[in-house]
Every structure is written in structure tokens, then in C-alpha cells.
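Trainee: Handing you this structure, nothing more for now.
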Amino acid sequence: MSMFELEGLTKRFGGLTAVDDLSFTVDRGEIVGLIGPNGSGKSTVFNCTMGRYSVTDGSIYFDGEEITDDDTHEVVERGLSRVSQESNPIDAMTVAANIKLFTLPNSVRTMRGGGDEETIFEYAARVDIEDKLHEEPGSLPHADVRRLEIAKALATEPEMLLLDEPFAGMNQQEIDELVTKFETFRDEGMTMIVVDHNMGGLMRLVDRVVVIHNGVKIAEGDPDEIAENETVRNAYLGSSEAM
Ligand code: ADP
Ligand code: MG
């Protein structure tokens, strides 16, 4: 059985179908890239999965259980965590305090993680911001704020990470460093879906790619196959973005 499964996921906003009968699976330990031009429905897939948006139709399964329309806290307790496209640290608190907020007090998962200073240091160290723990997020460069968002997601001790545009706004060196981090996470057994509006940062990282356009899955395959895929090229030709 797959670790994660979407079965006919559909999300409508009034007359707009943002995600249209979308199905795919992710196996344990796999890294799947979910790509598509802006507005394709990528973030909506994550918002539905994390209980931020109600589902119009279809089902979502995680670790053998249906999680469709579970609330965010329940989903996180089960072991799923998401890094949003937009960073939202609390600027009036230190980096350490921001991470601590996500350690889920009184949670089953906290028994494995915990909000003590040592574990917070470890979460930060996993993304190389352990020397910034006493700074405020507003004083950090963009790439460090994004790393903080990842550390916050790690603080819930997830088994699977949903990463929404993790490379956005980063330079090539920062992207390469982050790809290496994600490879380390994978080696440690983490399952991941990585969303990007293009394939650039993803090629090296992912085992498999799912491409959506206007909410519909238009292709699925290994990165080399997808790079050559005519339907995918045409979808990107119709948008202002590079593939
Ligand atoms: P992507 O992440 O691929 O750029 P999104 O999932 O953010 O795309 O958006 C897909 C479509 O759904 C877009 O047309 C967007 O405007 C619409 N959409 C997303 N969230 C909402 C919302 N809360 N209310 C109305 N429309 C939304
Ligand atoms: Mg998005």
C-alpha cells in the first residue's frame, strides 16, 4: 500500500475547478515532484490534504487511513507536515521560539520530538540555521526564512513532508544546498512531495514527476521522460513560464 494516495481529488471554487479528478500515489521513501504552471492547482492539492480547504469530491489517504477533510491538527498528528508557499514566521519572536511553537505540546508526536532546547537546536541544525536561533526572523535573509519554515515543519516530527515551492526566490547555490538537504532527509526515510512551477531545481532530486495543468493531471513519469514530454511542453508554451 502506498504511503499517500489521492483518488479523484476535485476542488471547486464556485465555477472554477482548481483540481479536477486528480489521482496519484506516493510510496514510502519516495520523492515525487508535483509541477505545473502557476494557477494549475498545486497549492490547492496541499491545502486540501492539510485540511485547510474542504474537498469537493474524491478521497485522500495517508499511511493506510482516509484523511479526507480531517482538520489540520489531526493530519499533522498522523505525521504529515507542509511548508507553505508563503513564509509566515512571527517576527516578534526568536527563531528558536518560532520553531518551539510547532513542537505540538501534549502530542503523541512530541513524545518522540519535544520542545526542549536541544531538540530545537537539532531541527535548526538540519537546515543550517542553528547559529541563528536567537535572532528574529525579520532580520534574516530570505533563504534563512525559508529554512526556518522547513525547521518548523520538521518540529512536528513528520513522516512525510509537503514542500510548496521550497526553492522560490533562492539563488543557485542556495537551491543546490537545499536539494542536498532534501536528499539527506530521503536517506533518513522521509517521504516528500515537492511542488515547483518549473522543473529546474527538481530534476536531480525527484524519483517521479506528476504534471498538472488547469487542475488536470497531464503527465506522470520519471524526470527525463517528463522533460521530453510533448504535452507538458505545450502546457508550458501556453504560460509565461519556463518548464
Ligand atoms: P498553483 O499553486 O498551482 O499556482 P493554486 O492551487 O494556488 O495554483 O490555484 C489554483 C486555482 O485555484 C487558481 O485559479 C486560484 O486562483 C484558485 N484558488 C486557489 N485558492 C483559492 C481560494 N481560496 N478561493 C478562490 N480561488 C482559489
Ligand atoms: Mg502555489
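Residue numbering restarts at 1 in every chain; chains get A, B, ... in the order shown in the C-alpha cells, and ligands count up from 1 in that same order.
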List every residue of stretch 204-236 of chain A that DSSP, applied to the backbone of this structure, assigns to strand (DSSP E or B), and report them as a list in words.
Mentor: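 These are the residues in question: Arg208, Val209, Val210, Val211, Ile212, His213, Val216, Lys217, Ile218, Ala219, Glu220 and Gly221 of chain A.
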Trainee: What residues have any atom no more than 9 Å from ligand 1 when counting only C-alpha atoms and all ligand atoms, and can you list them as an MDAnalysis selection string?
Mentor: chainID A and resid 11:14 16:19 35:47 53 85 164:165 195:197 212:215
Trainee: Could you state the separation of atom CA of A:Ala96 and atom CA of A:Leu133 in Å, given to one decimal place?
Mentor: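 Computed distance, atom CA of A:Ala96 to atom CA of A:Leu133, equals 4.8 Å.
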Trainee: How would you write, as a PDB file with C-alpha atoms, in the first residue's frame, the set of residues in stretch 20-233 of chain A that DSSP gives as helix (DSSP H, G or I)?
Mentor:
```
ATOM      1  CA  LYS A  42      -0.629  22.636  -6.861  1.00  0.00           C
ATOM      2  CA  SER A  43      -1.098  24.596  -3.646  1.00  0.00           C
ATOM      3  CA  THR A  44      -4.781  23.670  -3.619  1.00  0.00           C
ATOM      4  CA  VAL A  45      -3.788  19.980  -3.519  1.00  0.00           C
ATOM      5  CA  PHE A  46      -1.717  20.708  -0.391  1.00  0.00           C
ATOM      6  CA  ASN A  47      -4.435  22.878   1.147  1.00  0.00           C
ATOM      7  CA  CYS A  48      -6.973  20.070   0.680  1.00  0.00           C
ATOM      8  CA  THR A  49      -4.555  17.491   2.105  1.00  0.00           C
ATOM      9  CA  THR A  72      -5.122  20.299  10.175  1.00  0.00           C
ATOM     10  CA  HIS A  73      -4.188  19.236  13.684  1.00  0.00           C
ATOM     11  CA  GLU A  74      -5.352  15.659  13.053  1.00  0.00           C
ATOM     12  CA  VAL A  75      -3.394  15.461   9.815  1.00  0.00           C
ATOM     13  CA  VAL A  76      -0.232  16.756  11.495  1.00  0.00           C
ATOM     14  CA  GLU A  77      -0.715  14.280  14.365  1.00  0.00           C
ATOM     15  CA  ARG A  78      -0.786  11.484  11.808  1.00  0.00           C
ATOM     16  CA  VAL A  95      13.889  31.749  15.523  1.00  0.00           C
ATOM     17  CA  ALA A  96      14.045  29.253  18.413  1.00  0.00           C
ATOM     18  CA  ALA A  97      10.647  30.345  19.760  1.00  0.00           C
ATOM     19  CA  ASN A  98       9.149  30.123  16.272  1.00  0.00           C
ATOM     20  CA  ILE A  99      10.322  26.519  15.973  1.00  0.00           C
ATOM     21  CA  LYS A 100       9.180  25.688  19.508  1.00  0.00           C
ATOM     22  CA  ARG A 109       4.431  13.038  18.232  1.00  0.00           C
ATOM     23  CA  THR A 110       6.082  15.299  20.791  1.00  0.00           C
ATOM     24  CA  MET A 111       6.988  12.234  22.832  1.00  0.00           C
ATOM     25  CA  GLU A 117      16.383  23.440  23.748  1.00  0.00           C
ATOM     26  CA  GLU A 118      18.422  20.529  22.491  1.00  0.00           C
ATOM     27  CA  THR A 119      15.800  19.240  20.051  1.00  0.00           C
ATOM     28  CA  ILE A 120      15.052  22.755  18.797  1.00  0.00           C
ATOM     29  CA  PHE A 121      18.768  23.119  18.097  1.00  0.00           C
ATOM     30  CA  GLU A 122      18.638  19.834  16.160  1.00  0.00           C
ATOM     31  CA  TYR A 123      15.689  20.923  13.992  1.00  0.00           C
ATOM     32  CA  ALA A 124      17.529  24.157  13.195  1.00  0.00           C
ATOM     33  CA  ALA A 125      20.780  22.312  12.509  1.00  0.00           C
ATOM     34  CA  ARG A 126      19.069  20.082   9.954  1.00  0.00           C
ATOM     35  CA  GLU A 130      21.413  26.652  14.351  1.00  0.00           C
ATOM     36  CA  ASP A 131      23.584  29.765  14.677  1.00  0.00           C
ATOM     37  CA  LYS A 132      20.516  31.998  14.096  1.00  0.00           C
ATOM     38  CA  PRO A 137      13.125  36.220  11.540  1.00  0.00           C
ATOM     39  CA  GLY A 138      12.725  39.778  10.227  1.00  0.00           C
ATOM     40  CA  SER A 139      16.492  40.239  10.352  1.00  0.00           C
ATOM     41  CA  HIS A 142      15.089  35.209   2.511  1.00  0.00           C
ATOM     42  CA  ALA A 143      16.794  31.823   2.222  1.00  0.00           C
ATOM     43  CA  ASP A 144      17.129  31.567   6.013  1.00  0.00           C
ATOM     44  CA  VAL A 145      13.454  32.440   6.488  1.00  0.00           C
ATOM     45  CA  ARG A 146      12.589  29.593   4.108  1.00  0.00           C
ATOM     46  CA  ARG A 147      14.920  27.302   6.073  1.00  0.00           C
ATOM     47  CA  LEU A 148      13.095  28.344   9.246  1.00  0.00           C
ATOM     48  CA  GLU A 149       9.795  27.315   7.622  1.00  0.00           C
ATOM     49  CA  ILE A 150      11.293  23.877   6.974  1.00  0.00           C
ATOM     50  CA  ALA A 151      12.598  23.628  10.549  1.00  0.00           C
ATOM     51  CA  LYS A 152       9.070  24.434  11.795  1.00  0.00           C
ATOM     52  CA  ALA A 153       7.678  21.617   9.658  1.00  0.00           C
ATOM     53  CA  LEU A 154      10.353  19.228  10.978  1.00  0.00           C
ATOM     54  CA  GLN A 172      21.552  28.610  -7.464  1.00  0.00           C
ATOM     55  CA  GLN A 173      23.905  27.927  -4.572  1.00  0.00           C
ATOM     56  CA  GLU A 174      21.052  28.068  -2.067  1.00  0.00           C
ATOM     57  CA  ILE A 175      18.979  25.751  -4.262  1.00  0.00           C
ATOM     58  CA  ASP A 176      21.841  23.254  -4.521  1.00  0.00           C
ATOM     59  CA  GLU A 177      22.322  23.304  -0.747  1.00  0.00           C
ATOM     60  CA  LEU A 178      18.626  22.707  -0.165  1.00  0.00           C
ATOM     61  CA  VAL A 179      18.498  19.866  -2.685  1.00  0.00           C
ATOM     62  CA  THR A 180      21.352  18.227  -0.753  1.00  0.00           C
ATOM     63  CA  LYS A 181      19.373  18.637   2.494  1.00  0.00           C
ATOM     64  CA  PHE A 182      16.305  17.012   0.969  1.00  0.00           C
ATOM     65  CA  GLU A 183      18.485  14.139  -0.238  1.00  0.00           C
ATOM     66  CA  THR A 184      19.641  13.689   3.351  1.00  0.00           C
ATOM     67  CA  PHE A 185      16.014  13.678   4.542  1.00  0.00           C
ATOM     68  CA  ARG A 186      15.256  10.990   1.980  1.00  0.00           C
ATOM     69  CA  ASP A 187      18.238   8.895   3.093  1.00  0.00           C
ATOM     70  CA  PRO A 223      12.133  13.351 -14.717  1.00  0.00           C
ATOM     71  CA  ASP A 224      13.867  12.549 -18.029  1.00  0.00           C
ATOM     72  CA  GLU A 225      10.630  11.359 -19.603  1.00  0.00           C
ATOM     73  CA  ILE A 226       8.764  14.439 -18.436  1.00  0.00           C
ATOM     74  CA  ALA A 227      11.437  16.805 -19.770  1.00  0.00           C
ATOM     75  CA  GLU A 228      10.837  15.303 -23.232  1.00  0.00           C
ATOM     76  CA  GLU A 230       5.224  16.963 -25.754  1.00  0.00           C
ATOM     77  CA  THR A 231       2.000  17.570 -23.808  1.00  0.00           C
ATOM     78  CA  VAL A 232       3.966  19.057 -20.919  1.00  0.00           C
ATOM     79  CA  ARG A 233       5.966  21.317 -23.250  1.00  0.00           C
TER      80      ARG A 233
END
```
Trainee: Compare A:Pro166, A:Gly58, A:Gly79, A:Gly51 by their minimum atom-to-atom distance to ligand 2, counting only C-alpha atoms and all ligand atoms, and give me the closest one.
Mentor: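 That would be A:Pro166, the residue with the smallest distance to ligand 2.
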Trainee: Which one is closest to ligand 2: A:Asp63, A:Glu5, A:Glu86, A:Asp20? Count only C-alpha atoms and all ligand atoms.
Mentor: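 Under the stated criterion, the closest residue is A:Glu86.
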Trainee: With only C-alpha atoms and all ligand atoms as the basis for distance, which of A:Ala168, A:Arg52, A:Glu159, A:Asp91 is at the shortest distance from ligand 2?
Mentor: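 Under the stated criterion, the closest residue is A:Ala168.
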Trainee: Here is a test: counting only C-alpha atoms and all ligand atoms, which residue of A:Glu7, A:Pro141, A:Leu163, A:Met50 is nearest to ligand 2?
Mentor: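 Closest to ligand 2, using only C-alpha atoms and all ligand atoms: A:Leu163.
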Trainee: For A:Leu101, which residue out of A:Val194, A:Leu237, A:Ala155, A:Ile67 is the nearest one, using only C-alpha atoms?
Mentor: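 With only C-alpha atoms as the atom set, the closest residue is A:Ala155.
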Trainee: So, counting only C-alpha atoms and all ligand atoms, which residue among A:Gly8, A:Ser239, A:Val127, A:Val83 is closest to ligand 2?
Mentor: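 Looking at the shortest contact to ligand 2, the residue is A:Val83.
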Trainee: Quick check, in Å to one decimal: how far apart do atom CA of A:Leu9 and atom 1 (Mg, counted along the ligand's line) of ligand 2 lie?
Mentor: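 The value is 16.6 Å.
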